[in-house]
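Read the structure below first, then the notes.
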Amino acid sequence: MRASRVEITMRIMFITLFFGILYGCGLTSPLLISDETKVRPDQRFNFDHVRKSLLYFSNPTESNLRKVAATDATIHLLRHGRITGRLTPKTTAMSLTRVLLEDSGKDELVEEVTQQVHIFRRDKASAAQCLREAEAYLPQSLPADGKLFFTWGFDIGVASGKDASINLAHKKFQSNPEEVWFYCIHELHHTGVMQHHPMPMLSDVNTTTELFAILQYFTFLEGTAVYAAHDARKVSGALDKDSDYVALTDADTILEFRHF
């Protein structure tokens, strides 16, 4: 009996993901992961950007704005924005910071994010688990000197080089704060891949061959990161909280998400 279009699509997707993991990460056998990561959570996670943003909202002075702009997280966001083309070479740390914090300091959101910062900074167990899960599908540990920045503003989460970030002010986390840790796994996994396969500059794409290579790269990058957070979501009963995982379990949804 011939396979249906849906079945063929499912097979292609899972075969592509499987061989992408083997080829892209260099895995040829099951990976053994130690119980402890080499870098402690308090060395990896950095809350400077979001904490200084909250300080600015409580006292919106130019001096406090400059403190946010001077954080390592802002440099990380600038780097990501320039690589992807979201920001121009003329964008400065101060101009980016003004955009991120402009009209976003609503009292209710500020209070909620403030509470989240206190909770996440104390939750060492979840942070350690996040690091372990991110490393579980990598051939090596995460970059030793990499950081995961908690920010106010920008995309829900981004990664560039050895660093990643999570936007605690994103609307998705307002209703589901537990999603933060799953996104941490996702973005940290990106940094592990990027130490072997750096993100290409999108502005360097000039031919259809280069465009196809970019599509392959991001399909692999995002697909493996989705896979990395799968087990943690499954244990927590959170597979239905994100459209990527809903699509993985529903053939009709997969077809709906196709853009080609």
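In the structure tokens, each chain is lettered A, B, ... as it comes, each chain's residues begin at 1, and ligands are numbered from 1 in order of appearance.
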Test item: residues at most 12 Å from stretch 232-234 of chain A, only C-alpha atoms, excluding those fewer than 6 positions along its chain, as a list in words:
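That gives Ser126, Gln129, Cys130, Leu131, Arg132, Glu133, Ala134, Ala136, Glu178, Glu179, Val180, Trp181, Phe182, Tyr183, Cys184, Ile185, His186, Val226, Asp240, Lys241, Asp242, Asp244, Tyr245 and Val246 of chain A.
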Using only N, CA and C atoms, please write the residues we just selected to a file, as a PDB file, in the first residue's frame.
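part_13.pdb was written with the following content:
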```pdb
ATOM      1  N   SER A 126      16.804  23.785  38.898  1.00  0.00           N
ATOM      2  CA  SER A 126      16.321  23.899  37.516  1.00  0.00           C
ATOM      3  C   SER A 126      17.420  24.414  36.596  1.00  0.00           C
ATOM      4  N   GLN A 129      19.756  21.536  35.867  1.00  0.00           N
ATOM      5  CA  GLN A 129      19.089  20.610  34.964  1.00  0.00           C
ATOM      6  C   GLN A 129      19.065  21.166  33.543  1.00  0.00           C
ATOM      7  N   CYS A 130      18.860  22.462  33.421  1.00  0.00           N
ATOM      8  CA  CYS A 130      18.850  23.122  32.126  1.00  0.00           C
ATOM      9  C   CYS A 130      20.186  22.906  31.411  1.00  0.00           C
ATOM     10  N   LEU A 131      21.289  23.063  32.128  1.00  0.00           N
ATOM     11  CA  LEU A 131      22.611  22.872  31.535  1.00  0.00           C
ATOM     12  C   LEU A 131      22.817  21.425  31.106  1.00  0.00           C
ATOM     13  N   ARG A 132      22.392  20.500  31.943  1.00  0.00           N
ATOM     14  CA  ARG A 132      22.549  19.083  31.607  1.00  0.00           C
ATOM     15  C   ARG A 132      21.749  18.710  30.360  1.00  0.00           C
ATOM     16  N   GLU A 133      20.520  19.199  30.289  1.00  0.00           N
ATOM     17  CA  GLU A 133      19.676  18.868  29.145  1.00  0.00           C
ATOM     18  C   GLU A 133      20.237  19.481  27.857  1.00  0.00           C
ATOM     19  N   ALA A 134      20.759  20.701  27.946  1.00  0.00           N
ATOM     20  CA  ALA A 134      21.320  21.353  26.760  1.00  0.00           C
ATOM     21  C   ALA A 134      22.529  20.603  26.229  1.00  0.00           C
ATOM     22  N   ALA A 136      23.088  17.331  26.591  1.00  0.00           N
ATOM     23  CA  ALA A 136      22.833  15.906  26.403  1.00  0.00           C
ATOM     24  C   ALA A 136      22.926  15.461  24.942  1.00  0.00           C
ATOM     25  N   GLU A 178       7.132  28.848  33.512  1.00  0.00           N
ATOM     26  CA  GLU A 178       7.945  27.640  33.486  1.00  0.00           C
ATOM     27  C   GLU A 178       8.573  27.411  32.107  1.00  0.00           C
ATOM     28  N   GLU A 179       8.041  28.090  31.084  1.00  0.00           N
ATOM     29  CA  GLU A 179       8.592  27.968  29.734  1.00  0.00           C
ATOM     30  C   GLU A 179      10.015  28.526  29.647  1.00  0.00           C
ATOM     31  N   VAL A 180      10.372  29.387  30.582  1.00  0.00           N
ATOM     32  CA  VAL A 180      11.704  29.997  30.558  1.00  0.00           C
ATOM     33  C   VAL A 180      12.790  28.937  30.523  1.00  0.00           C
ATOM     34  N   TRP A 181      12.684  27.926  31.376  1.00  0.00           N
ATOM     35  CA  TRP A 181      13.737  26.907  31.447  1.00  0.00           C
ATOM     36  C   TRP A 181      13.815  26.089  30.170  1.00  0.00           C
ATOM     37  N   PHE A 182      12.685  25.820  29.540  1.00  0.00           N
ATOM     38  CA  PHE A 182      12.705  25.065  28.279  1.00  0.00           C
ATOM     39  C   PHE A 182      13.388  25.881  27.183  1.00  0.00           C
ATOM     40  N   TYR A 183      13.129  27.179  27.177  1.00  0.00           N
ATOM     41  CA  TYR A 183      13.786  28.034  26.194  1.00  0.00           C
ATOM     42  C   TYR A 183      15.273  28.198  26.499  1.00  0.00           C
ATOM     43  N   CYS A 184      15.631  28.127  27.758  1.00  0.00           N
ATOM     44  CA  CYS A 184      17.053  28.141  28.120  1.00  0.00           C
ATOM     45  C   CYS A 184      17.769  26.944  27.504  1.00  0.00           C
ATOM     46  N   ILE A 185      17.165  25.760  27.615  1.00  0.00           N
ATOM     47  CA  ILE A 185      17.746  24.559  27.014  1.00  0.00           C
ATOM     48  C   ILE A 185      17.931  24.777  25.513  1.00  0.00           C
ATOM     49  N   HIS A 186      16.893  25.278  24.883  1.00  0.00           N
ATOM     50  CA  HIS A 186      16.894  25.502  23.431  1.00  0.00           C
ATOM     51  C   HIS A 186      18.034  26.435  23.015  1.00  0.00           C
ATOM     52  N   VAL A 226      15.130  21.989  19.274  1.00  0.00           N
ATOM     53  CA  VAL A 226      13.792  21.516  19.636  1.00  0.00           C
ATOM     54  C   VAL A 226      13.892  20.112  20.230  1.00  0.00           C
ATOM     55  N   ASP A 240       2.550  20.244  24.939  1.00  0.00           N
ATOM     56  CA  ASP A 240       1.446  20.937  24.265  1.00  0.00           C
ATOM     57  C   ASP A 240       1.497  22.449  24.459  1.00  0.00           C
ATOM     58  N   LYS A 241       2.567  22.957  25.080  1.00  0.00           N
ATOM     59  CA  LYS A 241       2.659  24.390  25.356  1.00  0.00           C
ATOM     60  C   LYS A 241       3.404  25.158  24.264  1.00  0.00           C
ATOM     61  N   ASP A 242       3.955  24.439  23.296  1.00  0.00           N
ATOM     62  CA  ASP A 242       4.727  25.099  22.246  1.00  0.00           C
ATOM     63  C   ASP A 242       4.366  24.475  20.907  1.00  0.00           C
ATOM     64  N   ASP A 244       5.966  23.982  18.171  1.00  0.00           N
ATOM     65  CA  ASP A 244       6.924  23.059  17.557  1.00  0.00           C
ATOM     66  C   ASP A 244       6.641  21.622  17.967  1.00  0.00           C
ATOM     67  N   TYR A 245       6.338  21.422  19.241  1.00  0.00           N
ATOM     68  CA  TYR A 245       6.136  20.070  19.760  1.00  0.00           C
ATOM     69  C   TYR A 245       4.740  19.548  19.419  1.00  0.00           C
ATOM     70  N   VAL A 246       3.785  20.453  19.321  1.00  0.00           N
ATOM     71  CA  VAL A 246       2.455  20.060  18.858  1.00  0.00           C
ATOM     72  C   VAL A 246       2.565  19.536  17.434  1.00  0.00           C
TER      73      VAL A 246
END
```
Neighbouring residues of stretch 48-64 of chain A were defined as those with any atom within 9 Å, considering only C-alpha atoms; residues of the same chain fewer than 6 positions away were excluded. Please report them as a compact mmCIF listing (two decimals) with C-alpha atoms, in the first residue's frame.
```
# COMPACT_ATOMS: atom_id res chain seq x y z
CA ALA A 70 26.95 48.93 29.03
CA THR A 71 26.03 45.34 29.94
CA ASP A 72 27.60 42.35 28.19
CA ALA A 73 24.07 41.28 27.26
CA THR A 74 23.58 44.39 25.14
CA LEU A 101 13.04 49.92 27.02
CA SER A 104 7.72 48.83 27.88
CA GLY A 105 7.87 49.61 31.59
CA LYS A 106 4.26 48.86 32.45
CA ASP A 107 3.77 48.52 36.18
CA VAL A 110 7.67 45.20 35.81
CA VAL A 113 9.40 40.21 35.84
CA THR A 114 10.84 41.35 39.17
CA VAL A 117 14.07 37.26 38.54
CA PHE A 149 21.82 36.48 29.65
CA PHE A 150 18.37 37.25 30.99
CA THR A 151 17.24 40.42 29.26
CA TRP A 152 14.39 42.86 28.97
CA GLY A 153 13.36 43.02 25.33
CA ASN A 167 13.87 37.85 27.16
CA LEU A 168 12.02 37.62 30.48
CA ALA A 169 9.63 40.38 29.39
```
Going by DSSP on the backbone, which residues of stretch 107-154 of chain A come out as strand (DSSP E)? List them as number ranges by chain.
A: 148-151
Suppose you want the space between atom CA of A:Phe45 and atom CA of A:Leu148; what is it in Å?
4.9 Å
From a backbone DSSP assignment, name each residue in stretch 69-221 of chain A labelled helix (DSSP H, G or I), as a ChimeraX atom specification.
/A:69,72-84,93-101,107-122,124-135,171-175,179-194,202-204,208-221
Could you work out how far atom CA of A:Ser141 lies from atom CA of A:Asn176, giving the answer in Å with one decimal?
28.7 Å
Given the choices A:Met201, A:Ala127, A:Leu142, A:Ala93, which gets closest to A:Ala69 if the distance is worked out from only C-alpha atoms?
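Nearest to A:Ala69: A:Ala93.
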Rank nothing, just name the residue among A:Glu187, A:Glu256, A:Glu135, A:Glu111 nearest to A:Gly157, using only C-alpha atoms.
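When distances to A:Gly157 are compared using only C-alpha atoms, the smallest one comes from A:Glu187.
The gap separating atom CA of A:Leu87 from atom CA of A:Thr224 is 26.1 Å, in Å to one decimal.
Among the candidate residues A:His76, A:Glu112, A:Arg66, A:Asp155, the one lying nearest to A:Met94 is A:Arg66, with distances computed using only C-alpha atoms.
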